[in-house]
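Below is one structure, written out as structure tokens; the observations come after it.
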Amino acid sequence: MIFATGGVIVGGWNFVWTAYGATWLVLAGYALSLWWRGRKEAR
Amino acid sequence: MSARPGVIRQALMVAQKDLLIEVRSPSRVVGLFFFALALVVLIAFTADASPGVLRKTAGGALWLGLLLASTRALDLSYAVETDNDALSGLVLWPVHPAAVFYGKAIANTAVLALVGTLLTPLVVALYSAPIPGGWPAWGQYAVILGLGSAALAAPGTFYALLTTRARASSVMLPLLMFPLVVPALLSASRATTLLMDGDGMGEVPGWVSLLLAFGLLHWSLEGLFYGSIVEDS
Amino acid sequence: MPSGYIPGALGLALFVVLVAAAKLAGGKVRDNWEHGIGLYGLGLFLWGQYSGLFVAPREAMMGDVGRILYVHVPAAWISMMAFTWAFAGSFGSLMLQAPQQLPKILGATGAGGALGIAAAVALDGTPRKLAAFFGVLLVLAFLECLVLYLGHRFFGWDADSADHFAESSTETGIVLGLLLLFLGAVFAKPTWGTYWTWDPRLTASAIMVLTFVGVSLLRATVSDPDTRRSWVSVATVIAYINIPITYMAVKWWRTMHQLQSTPNTLDSDMTFWLRVNAWAFLFLAMWFVARGWRIAAARAAAEAPPPLPPAREVAR
């Protein structure tokens with residue numbers, strides 16, 4: 001939930017968690033893909 | 001032995017050759033014109049039909065039509081060369097590769113500018129977008145048409161060669177070229193729309209100089225690199 | 001707060017030590033040195049993300065939503081950095097087609113750069129700006145050629161390995177760039193009330209990512225390795241040089257104002273946490289690129305045709 005009181009945005013943690021969650025997911029996913037492809041090439 | 005002509009002369013000869021092909025088979029330019037016209041008409045259907053809105057879409061429709069027609073024109077420009085493997089012959093001749101690039105780019109610019117000129121009265125009529133301001137405004141319009149055609153032709157000529165040899169080449173050309181020509185499309189269509197709106201703020205020269213900068217950058221960069229890609233093709 | 005540059009300086013020092021160790025020790029160290037930088041980046045990342053969420057102060061206007069800056073801005077910076085690496089790799093691949101020319105080019109670019117900088121110091125007005133522009137450009141070309149020369153001399157880089165580096169950097173840039181676009185939308189909704197504002201910076205980034213997606217598709221669709229290398233190198237160089245003019249065009253098209261997201265406008269605590277996160281993204285990206293580089297090189301080696309039999313066997 002977001003509220004604007006006096007020009008300052010209050011709350012909005014759902015957006016913060018979405019942003020951080022997406023970042024973690026993308027970085028971890030890319031790292032896993034590189035690790036997996038590295039394993040495949042090593043064989 | 002006669003002396004080899006200079007690079008500029010060579011480029012003009014290649015351009016002359018390509019334009020001669022266009023003149024001998026006029027159905028190609030006519031086909032491009034109707035392709036672009038169909039797009040311009042279709043874009044009008046997708047826009048709001050009220051005259052004020054249509055006038056504001058006119059510049060965008062014209063340049064979108066020209067851009068999409070240019071991808072067809074470029075495919076044709078190399079189809080001529082890949083039939084009978086004529087491009088290899090052209091490269092094996094003692095012609096400077098930059099001359100091949102500039103010649104083809106000049107020919108493509110001329111074809112696009114011609115299609116644009118033929119489209120202009122129809123866009124003006126269909127989008128109820130007359131250009132106010134008399135001859136000076138039409139002069140500016142001609143400059144925009146020429147520079148815009150040149151700005152689309154250089155990256156087009158370059159990437160069309162790259163994609164002739166790629167798999168799924170008809171998809172690859174737009175994928176490579178469209179994001180790259182965003183500045184040219186944006187400045188040409190903004191300048192055209194502003195011209196049709198009377199250009200109260202005098203913004204057209206700014207957009208034209210951006211178009212010129214884009215054109216100069218791409219005409220020099222791609223001329224420089226054409227040699228290294230044509231040898232590998 | 002301590003300076004936000006300290007974690008970066010430590011990481012870069014670690015990078016130099018690891019590269020030197022890889023060169024001197026060889027063997028297992030040579031093939032795995034980048035895990036050191038990756039672990040360092042991961043440590044910084046965990047610290048920076050926790051602090052961005054719970055330690056850093058609320059932003060004055062945006063409140064807690066301002067915390068998105070700690071992921072959004074590093075993603076923007078480092079995706080741009082990865083595309084810069086891709087450009088450097090592709091330019092390097094073109095230069096390394098004729099490595100014997102490098103000393104000559106080093107001399108020319110070095111002298112030209114020094115001349116340009118000297119002219120910029122002596123001149124005034126527009127000539128000064130022009131001289132400075134071309135001077136800095138030449139100095140950058142000089143530094144790039146110096147790195148290429150040393151890499152060629154001591155690490156055996158050639159046109160192919162530079163191209164593998166560009167391939168890996170482009171991929172990392174696209175991954176971070178797509179993340180950046182998603183984060184931009186998540187950030188725009190609570191601050192401007194809409195998911196996409198056609199903000200010039202974000203729009204130009206979107207076009208940049210699309211351009212590089214096109215380049216990597218070109219790589220996927222050309223089958224001959226040598227042709228692919230030179231074509232993709234040229235396409236990458238053109239795509240990169242096109243970025244500033246795209247940004248300029250989009251900015252003129254949308255002269256809509258947006259708040260500055262550079263650290264200068266934030267207070268010093270926020271700047272510190274922003275820098276920690278940016279360094280974390282940088283070192284993680286270095287790990288991504290190094291791993292991808294190895295994978296690309298291994299795949300190219302597997303694709304390469306088997307070597308011709310020795311001459312003597314043929315003779316019998």
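The way I read the labels, and the way they are meant: chains A, B, ... in the order of the structure tokens, residue 1 as the first residue of every chain, and ligand 1 as the first ligand shown, with later ones counted on from there.
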Original post:
region 47-49 of chain B: which residues within 12 Å, counting only C-alpha atoms, same-chain residues fewer than 4 positions away excluded, as a PyMOL selection string?
Top reply: chain B and resi 40-43+53-58+60-61+126-128
**OP:** Would you please give, as a ChimeraX atom specification, all residues of region 154-258 of chain C that DSSP assigns to helix (DSSP H, G or I) based on the backbone?
**Re:** /C:154-155,159-192,200-221,225-253
Counting only C-alpha atoms, which residues of chain A fall within 12 Å of region 73-91 of chain C, and what is the closest atom pair for each with its distance in Å at one decimal, ordered by chain and rising number, as JSON lines?
{"residue": "A:Ala19", "atom": "CA", "partner": "C:Ala75", "partner_atom": "CA", "distance": 11.3}
{"residue": "A:Tyr20", "atom": "CA", "partner": "C:Ala75", "partner_atom": "CA", "distance": 11.5}
{"residue": "A:Ala22", "atom": "CA", "partner": "C:Ala75", "partner_atom": "CA", "distance": 11.7}
{"residue": "A:Thr23", "atom": "CA", "partner": "C:Ala75", "partner_atom": "CA", "distance": 8.8}
{"residue": "A:Trp24", "atom": "CA", "partner": "C:Ala75", "partner_atom": "CA", "distance": 11.8}
{"residue": "A:Val26", "atom": "CA", "partner": "C:Ala75", "partner_atom": "CA", "distance": 11.2}
{"residue": "A:Leu27", "atom": "CA", "partner": "C:Ala75", "partner_atom": "CA", "distance": 10.6}
Within 6 Å of chain C: each chain B residue with its shortest pair, only C-alpha atoms, as a Markdown table:
| residue | atom | partner | partner_atom | distance |
| --- | --- | --- | --- | --- |
| B:Ala166 | CA | C:Val222 | CA | 4.9 |
| B:Arg167 | CA | C:Thr221 | CA | 5.2 |
| B:Leu175 | CA | C:Gly214 | CA | 5.2 |
| B:Leu176 | CA | C:Gly214 | CA | 4.8 |
| B:Pro179 | CA | C:Thr211 | CA | 5.3 |
| B:Pro183 | CA | C:Thr246 | CA | 5.2 |
| B:Asp232 | CA | C:Thr227 | CA | 5.4 |
For the residues in the current selection, export N, CA, C and O atoms as a compact mmCIF listing (two decimals), in the first residue's frame.
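Just written: selection_33.txt:
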# COMPACT_ATOMS: atom_id res chain seq x y z
N ALA B 166 22.77 -14.38 -43.35
CA ALA B 166 22.31 -14.97 -42.09
C ALA B 166 21.08 -15.81 -42.35
O ALA B 166 20.34 -15.58 -43.30
N ARG B 167 20.88 -16.80 -41.48
CA ARG B 167 19.63 -17.55 -41.55
C ARG B 167 18.49 -16.62 -41.17
O ARG B 167 18.68 -15.68 -40.39
N LEU B 175 15.37 -6.54 -37.18
CA LEU B 175 15.85 -6.66 -35.79
C LEU B 175 17.11 -5.84 -35.57
O LEU B 175 17.31 -5.24 -34.53
N LEU B 176 18.02 -5.86 -36.57
CA LEU B 176 19.26 -5.12 -36.42
C LEU B 176 19.07 -3.65 -36.71
O LEU B 176 19.64 -2.79 -36.05
N PRO B 179 16.12 -0.78 -34.24
CA PRO B 179 16.56 -0.05 -33.04
C PRO B 179 17.63 0.98 -33.35
O PRO B 179 17.70 2.03 -32.74
N PRO B 183 16.88 7.18 -33.86
CA PRO B 183 17.10 8.63 -33.91
C PRO B 183 16.70 9.24 -35.25
O PRO B 183 16.11 10.32 -35.28
N ASP B 232 34.37 -10.95 -46.20
CA ASP B 232 34.04 -12.21 -45.53
C ASP B 232 32.76 -12.84 -46.06
O ASP B 232 32.44 -13.96 -45.68
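Put simply, CA of Leu284 (chain C) is 6.7 Å away from CA of Leu42 (chain C).
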**OP:** Find the spatial neighbours of Trp36 (chain A), counting only C-alpha atoms, within a cut-off of 12 Å - ignore same-chain residues fewer than 5 positions away - and output them as a ChimeraX atom specification.
**Re:** /A:29-31,41-43 /C:291-292,295
Selection file, all heavy atoms, as a PDB file, in the first residue's frame:
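So result.pdb came out as:
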ATOM      1  N   GLY A  29      19.515 -16.665 -11.091  1.00  0.00           N
ATOM      2  CA  GLY A  29      19.196 -17.467 -12.260  1.00  0.00           C
ATOM      3  C   GLY A  29      20.305 -17.426 -13.295  1.00  0.00           C
ATOM      4  O   GLY A  29      20.696 -18.458 -13.849  1.00  0.00           O
ATOM      5  N   TYR A  30      20.857 -16.236 -13.521  1.00  0.00           N
ATOM      6  CA  TYR A  30      21.924 -16.102 -14.516  1.00  0.00           C
ATOM      7  C   TYR A  30      23.188 -16.830 -14.048  1.00  0.00           C
ATOM      8  O   TYR A  30      23.853 -17.512 -14.841  1.00  0.00           O
ATOM      9  CB  TYR A  30      22.203 -14.619 -14.775  1.00  0.00           C
ATOM     10  CG  TYR A  30      23.153 -14.369 -15.917  1.00  0.00           C
ATOM     11  CD1 TYR A  30      23.026 -15.064 -17.112  1.00  0.00           C
ATOM     12  CD2 TYR A  30      24.174 -13.438 -15.812  1.00  0.00           C
ATOM     13  CE1 TYR A  30      23.885 -14.839 -18.165  1.00  0.00           C
ATOM     14  CE2 TYR A  30      25.040 -13.203 -16.863  1.00  0.00           C
ATOM     15  CZ  TYR A  30      24.892 -13.909 -18.036  1.00  0.00           C
ATOM     16  OH  TYR A  30      25.753 -13.700 -19.070  1.00  0.00           O
ATOM     17  N   ALA A  31      23.474 -16.707 -12.729  1.00  0.00           N
ATOM     18  CA  ALA A  31      24.649 -17.403 -12.188  1.00  0.00           C
ATOM     19  C   ALA A  31      24.481 -18.915 -12.355  1.00  0.00           C
ATOM     20  O   ALA A  31      25.409 -19.615 -12.777  1.00  0.00           O
ATOM     21  CB  ALA A  31      24.830 -17.044 -10.714  1.00  0.00           C
ATOM     22  N   GLU A  41      30.053 -27.608 -20.812  1.00  0.00           N
ATOM     23  CA  GLU A  41      31.187 -27.437 -21.720  1.00  0.00           C
ATOM     24  C   GLU A  41      32.411 -28.209 -21.243  1.00  0.00           C
ATOM     25  O   GLU A  41      33.216 -28.664 -22.039  1.00  0.00           O
ATOM     26  CB  GLU A  41      31.548 -25.949 -21.862  1.00  0.00           C
ATOM     27  CG  GLU A  41      30.582 -25.146 -22.704  1.00  0.00           C
ATOM     28  CD  GLU A  41      30.422 -25.682 -24.123  1.00  0.00           C
ATOM     29  OE1 GLU A  41      31.359 -26.334 -24.630  1.00  0.00           O
ATOM     30  OE2 GLU A  41      29.356 -25.458 -24.722  1.00  0.00           O
ATOM     31  N   ALA A  42      32.534 -28.341 -19.895  1.00  0.00           N
ATOM     32  CA  ALA A  42      33.717 -28.999 -19.342  1.00  0.00           C
ATOM     33  C   ALA A  42      33.730 -30.479 -19.711  1.00  0.00           C
ATOM     34  O   ALA A  42      34.786 -31.094 -19.829  1.00  0.00           O
ATOM     35  CB  ALA A  42      33.742 -28.823 -17.825  1.00  0.00           C
ATOM     36  N   ARG A  43      32.519 -31.076 -19.870  1.00  0.00           N
ATOM     37  CA  ARG A  43      32.462 -32.498 -20.200  1.00  0.00           C
ATOM     38  C   ARG A  43      32.919 -32.775 -21.624  1.00  0.00           C
ATOM     39  O   ARG A  43      32.769 -31.972 -22.507  1.00  0.00           O
ATOM     40  CB  ARG A  43      31.035 -33.024 -19.988  1.00  0.00           C
ATOM     41  CG  ARG A  43      30.882 -33.544 -18.574  1.00  0.00           C
ATOM     42  CD  ARG A  43      29.577 -34.301 -18.394  1.00  0.00           C
ATOM     43  NE  ARG A  43      28.471 -33.409 -18.145  1.00  0.00           N
ATOM     44  CZ  ARG A  43      27.365 -33.390 -18.892  1.00  0.00           C
ATOM     45  NH1 ARG A  43      27.246 -34.191 -19.926  1.00  0.00           N
ATOM     46  NH2 ARG A  43      26.378 -32.568 -18.612  1.00  0.00           N
TER      47      ARG A  43
ATOM     48  N   ARG C 291      33.150 -16.042 -16.521  1.00  0.00           N
ATOM     49  CA  ARG C 291      32.625 -17.403 -16.706  1.00  0.00           C
ATOM     50  C   ARG C 291      32.131 -17.577 -18.140  1.00  0.00           C
ATOM     51  O   ARG C 291      32.414 -18.578 -18.811  1.00  0.00           O
ATOM     52  CB  ARG C 291      31.452 -17.678 -15.750  1.00  0.00           C
ATOM     53  CG  ARG C 291      31.793 -18.093 -14.351  1.00  0.00           C
ATOM     54  CD  ARG C 291      33.052 -18.831 -14.166  1.00  0.00           C
ATOM     55  NE  ARG C 291      32.992 -20.261 -14.384  1.00  0.00           N
ATOM     56  CZ  ARG C 291      34.054 -21.080 -14.273  1.00  0.00           C
ATOM     57  NH1 ARG C 291      35.245 -20.603 -13.943  1.00  0.00           N
ATOM     58  NH2 ARG C 291      33.947 -22.359 -14.486  1.00  0.00           N
ATOM     59  N   GLY C 292      31.374 -16.560 -18.612  1.00  0.00           N
ATOM     60  CA  GLY C 292      30.840 -16.634 -19.967  1.00  0.00           C
ATOM     61  C   GLY C 292      31.952 -16.683 -21.005  1.00  0.00           C
ATOM     62  O   GLY C 292      31.831 -17.360 -22.030  1.00  0.00           O
ATOM     63  N   ILE C 295      33.180 -20.162 -21.211  1.00  0.00           N
ATOM     64  CA  ILE C 295      32.208 -21.037 -21.884  1.00  0.00           C
ATOM     65  C   ILE C 295      32.272 -20.817 -23.393  1.00  0.00           C
ATOM     66  O   ILE C 295      32.298 -21.778 -24.176  1.00  0.00           O
ATOM     67  CB  ILE C 295      30.785 -20.768 -21.342  1.00  0.00           C
ATOM     68  CG1 ILE C 295      30.691 -21.237 -19.882  1.00  0.00           C
ATOM     69  CG2 ILE C 295      29.736 -21.464 -22.188  1.00  0.00           C
ATOM     70  CD1 ILE C 295      29.478 -20.744 -19.160  1.00  0.00           C
TER      71      ILE C 295
END
Which neighbours of Trp293 (chain C) fall inside 9 Å, counting only C-alpha atoms, when residues of the same chain fewer than 2 positions from it are skipped, and could you give them as a PDB file with all heavy atoms, in the first residue's frame?
ATOM      1  N   SER C 161      39.576 -14.628 -29.157  1.00  0.00           N
ATOM      2  CA  SER C 161      39.310 -14.555 -27.724  1.00  0.00           C
ATOM      3  C   SER C 161      38.703 -13.203 -27.357  1.00  0.00           C
ATOM      4  O   SER C 161      37.850 -13.135 -26.471  1.00  0.00           O
ATOM      5  CB  SER C 161      40.570 -14.849 -26.913  1.00  0.00           C
ATOM      6  OG  SER C 161      41.580 -13.946 -27.236  1.00  0.00           O
ATOM      7  N   HIS C 164      35.126 -13.603 -28.027  1.00  0.00           N
ATOM      8  CA  HIS C 164      34.434 -14.377 -26.984  1.00  0.00           C
ATOM      9  C   HIS C 164      34.141 -13.504 -25.774  1.00  0.00           C
ATOM     10  O   HIS C 164      33.089 -13.620 -25.151  1.00  0.00           O
ATOM     11  CB  HIS C 164      35.280 -15.584 -26.563  1.00  0.00           C
ATOM     12  CG  HIS C 164      35.531 -16.537 -27.681  1.00  0.00           C
ATOM     13  ND1 HIS C 164      36.692 -17.267 -27.776  1.00  0.00           N
ATOM     14  CD2 HIS C 164      34.788 -16.846 -28.771  1.00  0.00           C
ATOM     15  CE1 HIS C 164      36.643 -17.990 -28.876  1.00  0.00           C
ATOM     16  NE2 HIS C 164      35.511 -17.751 -29.494  1.00  0.00           N
ATOM     17  N   PHE C 165      35.084 -12.614 -25.461  1.00  0.00           N
ATOM     18  CA  PHE C 165      34.867 -11.666 -24.361  1.00  0.00           C
ATOM     19  C   PHE C 165      33.673 -10.767 -24.680  1.00  0.00           C
ATOM     20  O   PHE C 165      32.813 -10.526 -23.833  1.00  0.00           O
ATOM     21  CB  PHE C 165      36.138 -10.833 -24.153  1.00  0.00           C
ATOM     22  CG  PHE C 165      35.993  -9.727 -23.162  1.00  0.00           C
ATOM     23  CD1 PHE C 165      35.936  -9.989 -21.809  1.00  0.00           C
ATOM     24  CD2 PHE C 165      35.912  -8.409 -23.580  1.00  0.00           C
ATOM     25  CE1 PHE C 165      35.803  -8.965 -20.887  1.00  0.00           C
ATOM     26  CE2 PHE C 165      35.790  -7.370 -22.673  1.00  0.00           C
ATOM     27  CZ  PHE C 165      35.726  -7.658 -21.326  1.00  0.00           C
ATOM     28  N   ALA C 166      33.622 -10.278 -25.926  1.00  0.00           N
ATOM     29  CA  ALA C 166      32.505  -9.412 -26.331  1.00  0.00           C
ATOM     30  C   ALA C 166      31.188 -10.170 -26.251  1.00  0.00           C
ATOM     31  O   ALA C 166      30.168  -9.627 -25.813  1.00  0.00           O
ATOM     32  CB  ALA C 166      32.734  -8.884 -27.741  1.00  0.00           C
ATOM     33  N   GLU C 167      31.197 -11.438 -26.667  1.00  0.00           N
ATOM     34  CA  GLU C 167      29.976 -12.255 -26.624  1.00  0.00           C
ATOM     35  C   GLU C 167      29.442 -12.352 -25.201  1.00  0.00           C
ATOM     36  O   GLU C 167      28.271 -12.107 -24.928  1.00  0.00           O
ATOM     37  CB  GLU C 167      30.279 -13.659 -27.167  1.00  0.00           C
ATOM     38  CG  GLU C 167      29.090 -14.590 -27.083  1.00  0.00           C
ATOM     39  CD  GLU C 167      29.389 -15.990 -27.604  1.00  0.00           C
ATOM     40  OE1 GLU C 167      30.527 -16.225 -28.065  1.00  0.00           O
ATOM     41  OE2 GLU C 167      28.487 -16.833 -27.551  1.00  0.00           O
ATOM     42  N   SER C 168      30.360 -12.672 -24.279  1.00  0.00           N
ATOM     43  CA  SER C 168      29.966 -12.831 -22.889  1.00  0.00           C
ATOM     44  C   SER C 168      29.501 -11.508 -22.276  1.00  0.00           C
ATOM     45  O   SER C 168      28.515 -11.465 -21.538  1.00  0.00           O
ATOM     46  CB  SER C 168      31.164 -13.419 -22.141  1.00  0.00           C
ATOM     47  OG  SER C 168      31.033 -13.251 -20.795  1.00  0.00           O
ATOM     48  N   SER C 169      30.203 -10.411 -22.618  1.00  0.00           N
ATOM     49  CA  SER C 169      29.821  -9.101 -22.078  1.00  0.00           C
ATOM     50  C   SER C 169      28.459  -8.665 -22.597  1.00  0.00           C
ATOM     51  O   SER C 169      27.655  -8.107 -21.844  1.00  0.00           O
ATOM     52  CB  SER C 169      30.847  -8.042 -22.474  1.00  0.00           C
ATOM     53  OG  SER C 169      32.098  -8.370 -21.989  1.00  0.00           O
ATOM     54  N   PHE C 288      30.380 -12.950 -13.951  1.00  0.00           N
ATOM     55  CA  PHE C 288      29.532 -13.421 -15.062  1.00  0.00           C
ATOM     56  C   PHE C 288      30.322 -13.415 -16.366  1.00  0.00           C
ATOM     57  O   PHE C 288      30.299 -14.383 -17.127  1.00  0.00           O
ATOM     58  CB  PHE C 288      28.302 -12.510 -15.243  1.00  0.00           C
ATOM     59  CG  PHE C 288      27.295 -12.564 -14.131  1.00  0.00           C
ATOM     60  CD1 PHE C 288      26.517 -11.453 -13.840  1.00  0.00           C
ATOM     61  CD2 PHE C 288      27.105 -13.722 -13.397  1.00  0.00           C
ATOM     62  CE1 PHE C 288      25.577 -11.490 -12.828  1.00  0.00           C
ATOM     63  CE2 PHE C 288      26.168 -13.773 -12.376  1.00  0.00           C
ATOM     64  CZ  PHE C 288      25.402 -12.638 -12.097  1.00  0.00           C
ATOM     65  N   VAL C 289      30.984 -12.271 -16.630  1.00  0.00           N
ATOM     66  CA  VAL C 289      31.669 -12.123 -17.922  1.00  0.00           C
ATOM     67  C   VAL C 289      32.821 -13.120 -18.023  1.00  0.00           C
ATOM     68  O   VAL C 289      33.012 -13.762 -19.060  1.00  0.00           O
ATOM     69  CB  VAL C 289      32.150 -10.674 -18.111  1.00  0.00           C
ATOM     70  CG1 VAL C 289      33.053 -10.579 -19.327  1.00  0.00           C
ATOM     71  CG2 VAL C 289      30.964  -9.747 -18.268  1.00  0.00           C
ATOM     72  N   ALA C 290      33.573 -13.294 -16.921  1.00  0.00           N
ATOM     73  CA  ALA C 290      34.718 -14.212 -16.964  1.00  0.00           C
ATOM     74  C   ALA C 290      34.247 -15.646 -17.197  1.00  0.00           C
ATOM     75  O   ALA C 290      34.829 -16.391 -17.988  1.00  0.00           O
ATOM     76  CB  ALA C 290      35.514 -14.113 -15.671  1.00  0.00           C
ATOM     77  N   ARG C 291      33.150 -16.042 -16.521  1.00  0.00           N
ATOM     78  CA  ARG C 291      32.625 -17.403 -16.706  1.00  0.00           C
ATOM     79  C   ARG C 291      32.131 -17.577 -18.140  1.00  0.00           C
ATOM     80  O   ARG C 291      32.414 -18.578 -18.811  1.00  0.00           O
ATOM     81  CB  ARG C 291      31.452 -17.678 -15.750  1.00  0.00           C
ATOM     82  CG  ARG C 291      31.793 -18.093 -14.351  1.00  0.00           C
ATOM     83  CD  ARG C 291      33.052 -18.831 -14.166  1.00  0.00           C
ATOM     84  NE  ARG C 291      32.992 -20.261 -14.384  1.00  0.00           N
ATOM     85  CZ  ARG C 291      34.054 -21.080 -14.273  1.00  0.00           C
ATOM     86  NH1 ARG C 291      35.245 -20.603 -13.943  1.00  0.00           N
ATOM     87  NH2 ARG C 291      33.947 -22.359 -14.486  1.00  0.00           N
ATOM     88  N   ILE C 295      33.180 -20.162 -21.211  1.00  0.00           N
ATOM     89  CA  ILE C 295      32.208 -21.037 -21.884  1.00  0.00           C
ATOM     90  C   ILE C 295      32.272 -20.817 -23.393  1.00  0.00           C
ATOM     91  O   ILE C 295      32.298 -21.778 -24.176  1.00  0.00           O
ATOM     92  CB  ILE C 295      30.785 -20.768 -21.342  1.00  0.00           C
ATOM     93  CG1 ILE C 295      30.691 -21.237 -19.882  1.00  0.00           C
ATOM     94  CG2 ILE C 295      29.736 -21.464 -22.188  1.00  0.00           C
ATOM     95  CD1 ILE C 295      29.478 -20.744 -19.160  1.00  0.00           C
ATOM     96  N   ALA C 296      32.325 -19.520 -23.803  1.00  0.00           N
ATOM     97  CA  ALA C 296      32.363 -19.215 -25.240  1.00  0.00           C
ATOM     98  C   ALA C 296      33.627 -19.795 -25.875  1.00  0.00           C
ATOM     99  O   ALA C 296      33.581 -20.361 -26.972  1.00  0.00           O
ATOM    100  CB  ALA C 296      32.307 -17.703 -25.455  1.00  0.00           C
ATOM    101  N   ALA C 297      34.754 -19.674 -25.154  1.00  0.00           N
ATOM    102  CA  ALA C 297      36.022 -20.185 -25.699  1.00  0.00           C
ATOM    103  C   ALA C 297      35.964 -21.706 -25.814  1.00  0.00           C
ATOM    104  O   ALA C 297      36.401 -22.278 -26.825  1.00  0.00           O
ATOM    105  CB  ALA C 297      37.173 -19.756 -24.810  1.00  0.00           C
ATOM    106  N   ALA C 298      35.387 -22.379 -24.772  1.00  0.00           N
ATOM    107  CA  ALA C 298      35.309 -23.838 -24.797  1.00  0.00           C
ATOM    108  C   ALA C 298      34.416 -24.312 -25.930  1.00  0.00           C
ATOM    109  O   ALA C 298      34.724 -25.285 -26.625  1.00  0.00           O
ATOM    110  CB  ALA C 298      34.779 -24.354 -23.457  1.00  0.00           C
TER     111      ALA C 298
END
Original post:
Could you name the residues that touch region 63-70 of chain B at 9 Å or less, counting only C-alpha atoms, but leaving out those on the same chain fewer than 2 positions away, as a PyMOL selection string?
Top reply: chain B and resi 32-33+35-40+43+58-61+72-75+108+111-113+115-116+148-149+152-153+156+174+178+185-186+188-189+192
**OP:** Compute the set of chain C residues within 6 Å of chain A, using only C-alpha atoms, and express it as an MDAnalysis selection string.
**Re:** chainID C and resid 61:63 65 68 183 295
Mind writing the picked residues with N, CA, C and O atoms as a compact mmCIF listing (two decimals), in the first residue's frame?
# COMPACT_ATOMS: atom_id res chain seq x y z
N MET C 61 11.92 12.37 -0.13
CA MET C 61 10.63 12.52 -0.82
C MET C 61 9.94 11.19 -1.07
O MET C 61 8.73 11.08 -0.98
N MET C 62 10.72 10.19 -1.42
CA MET C 62 10.12 8.93 -1.87
C MET C 62 9.93 7.93 -0.74
O MET C 62 9.37 6.85 -0.96
N GLY C 63 10.42 8.27 0.48
CA GLY C 63 10.27 7.37 1.61
C GLY C 63 10.95 6.04 1.35
O GLY C 63 12.03 5.99 0.75
N VAL C 65 10.14 3.74 -0.73
CA VAL C 65 10.21 3.38 -2.14
C VAL C 65 11.58 3.76 -2.72
O VAL C 65 12.09 3.10 -3.63
N ILE C 68 14.46 1.35 -3.76
CA ILE C 68 14.60 0.68 -5.06
C ILE C 68 15.83 1.21 -5.80
O ILE C 68 16.44 0.51 -6.60
N LEU C 183 12.95 -3.05 -13.36
CA LEU C 183 13.06 -2.25 -12.14
C LEU C 183 12.57 -0.83 -12.38
O LEU C 183 11.97 -0.21 -11.51
N ILE C 295 33.18 -20.16 -21.21
CA ILE C 295 32.21 -21.04 -21.88
C ILE C 295 32.27 -20.82 -23.39
O ILE C 295 32.30 -21.78 -24.18
Original post:
Between B:Ala142, B:Ala151, B:Ala137, B:Leu217, which one has atoms that come closest to Asp197 (chain B), using only C-alpha atoms?
Top reply: B:Ala137
Original post:
Near region 109-126 of chain C, counting only C-alpha atoms, which residues have an atom at most 8 Å away, once you skip same-chain residues fewer than 5 positions from it, shown as a list of chain:residue names?
Top reply: C:Ala131, C:Ala132, C:Phe134, C:Gly135, C:Val136, C:Leu137, C:Leu138, C:Val139, C:Ala141, C:Phe142
Store the residues of this selection in a file with N, CA, C and O atoms, as a compact mmCIF listing (two decimals), in the first residue's frame.
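File produced: selection_19.txt:
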# COMPACT_ATOMS: atom_id res chain seq x y z
N ALA C 131 38.99 19.97 -29.20
CA ALA C 131 40.31 19.37 -28.97
C ALA C 131 40.24 18.40 -27.80
O ALA C 131 40.80 17.30 -27.84
N ALA C 132 39.53 18.81 -26.74
CA ALA C 132 39.41 17.95 -25.56
C ALA C 132 38.68 16.67 -25.92
O ALA C 132 39.08 15.56 -25.53
N PHE C 134 38.31 15.12 -28.93
CA PHE C 134 39.10 14.18 -29.73
C PHE C 134 40.34 13.71 -28.97
O PHE C 134 40.77 12.56 -29.13
N GLY C 135 40.92 14.58 -28.12
CA GLY C 135 42.06 14.18 -27.30
C GLY C 135 41.70 13.03 -26.38
O GLY C 135 42.40 12.01 -26.32
N VAL C 136 40.55 13.17 -25.69
CA VAL C 136 40.13 12.12 -24.75
C VAL C 136 39.82 10.83 -25.52
O VAL C 136 40.20 9.73 -25.10
N LEU C 137 39.18 10.97 -26.69
CA LEU C 137 38.87 9.81 -27.52
C LEU C 137 40.14 9.06 -27.90
O LEU C 137 40.21 7.82 -27.81
N LEU C 138 41.17 9.81 -28.31
CA LEU C 138 42.42 9.19 -28.72
C LEU C 138 43.14 8.56 -27.53
O LEU C 138 43.74 7.49 -27.66
N VAL C 139 43.07 9.23 -26.36
CA VAL C 139 43.70 8.65 -25.18
C VAL C 139 43.02 7.32 -24.82
O VAL C 139 43.67 6.33 -24.49
N ALA C 141 41.49 5.35 -26.92
CA ALA C 141 41.92 4.37 -27.94
C ALA C 141 43.32 3.87 -27.61
O ALA C 141 43.62 2.68 -27.75
N PHE C 142 44.18 4.80 -27.14
CA PHE C 142 45.54 4.42 -26.76
C PHE C 142 45.51 3.40 -25.63
O PHE C 142 46.20 2.37 -25.69
So which residues of chain A fall under strand (DSSP E) by DSSP, listed as a short mmCIF file (atom, residue, chain, number, x, y, z; two decimals) with C-alpha atoms, in the first residue's frame?
data_model
loop_
_atom_site.label_atom_id
_atom_site.label_comp_id
_atom_site.auth_asym_id
_atom_site.auth_seq_id
_atom_site.Cartn_x
_atom_site.Cartn_y
_atom_site.Cartn_z
CA ILE A 2 1.18 3.50 -0.70
CA PHE A 3 -0.02 6.75 0.83
CA ALA A 4 1.14 10.24 -0.05
CA THR A 5 1.13 12.63 2.91
CA VAL A 8 6.26 12.27 0.85
CA ILE A 9 5.46 8.72 -0.21
CA VAL A 10 4.68 6.51 2.79
CA GLY A 11 4.75 2.72 2.54
#
